[in-house]
Amino acid sequence: ARLIHRIHADEIGHVACGVRWFARICRARGDDPQRTFERLVESRFPGGPKPPFNQESRRAAGLPDAWYARWNAICEGEAAFR
């Protein structure tokens, strides 16, 4: 279990680094990071990413909720029908 917790903590750091660089590069190109993220996810994951989403860990990594809010809304809507 300690190993899994360590990997989880490491992944938060990796995602945080990726988010910072992604946003920086988008801004340098004059692109909106959120819209670019959404477009890339849609082009690579037909139907969007699949839940569950670990929002707490994503927030810890600096990944804004707004970047994947549309998929959260879809998943929450689907859960209402279960």
# chains A, B, ... in the order shown; residues from 1 in each chain; ligands from 1
>>> select_by_dssp(residues="chain A", states="helix (DSSP H, G or I)", output="NGL selection string")
:A and (2-29 or 33-44 or 55-60 or 65-80)
>>> atom_distance(atom1="CA of Arg24 in chain A", atom2="CA of Arg39 in chain A")
16.9 Å
>>> residues_around(residues="Ala61 in chain A", least_positions_apart="2", cutoff="6 Å", atoms="only C-alpha atoms", output="list in words")
Ile12, Val15, Ala16, Arg58, Arg59 and Leu63 of chain A
>>> residues_around(residues="His8 in chain A", least_positions_apart="2", cutoff="12 Å", atoms="only C-alpha atoms", output="list of chain:residue names")
A:Ala1, A:Arg2, A:Leu3, A:Ile4, A:His5, A:Arg6, A:Asp10, A:Glu11, A:Ile12, A:Gly13, A:His14, A:Val15, A:Asn54, A:Glu56, A:Ser57, A:Arg58, A:Ala60, A:Ala61
>>> closest_residue(among="A:Tyr68, A:Gln55, A:Arg27, A:Gly62", to="Leu40 in chain A", atoms="only C-alpha atoms")
A:Tyr68
>>> atom_distance(atom1="CA of Glu38 in chain A", atom2="CA of Arg20 in chain A")
16.1 Å
>>> closest_residue(among="A:Asn72, A:Pro64, A:Gly18, A:Thr36", to="Lys50 in chain A", atoms="only C-alpha atoms")
A:Asn72
>>> atom_distance(atom1="CA of Asp65 in chain A", atom2="CA of Pro33 in chain A")
12.7 Å
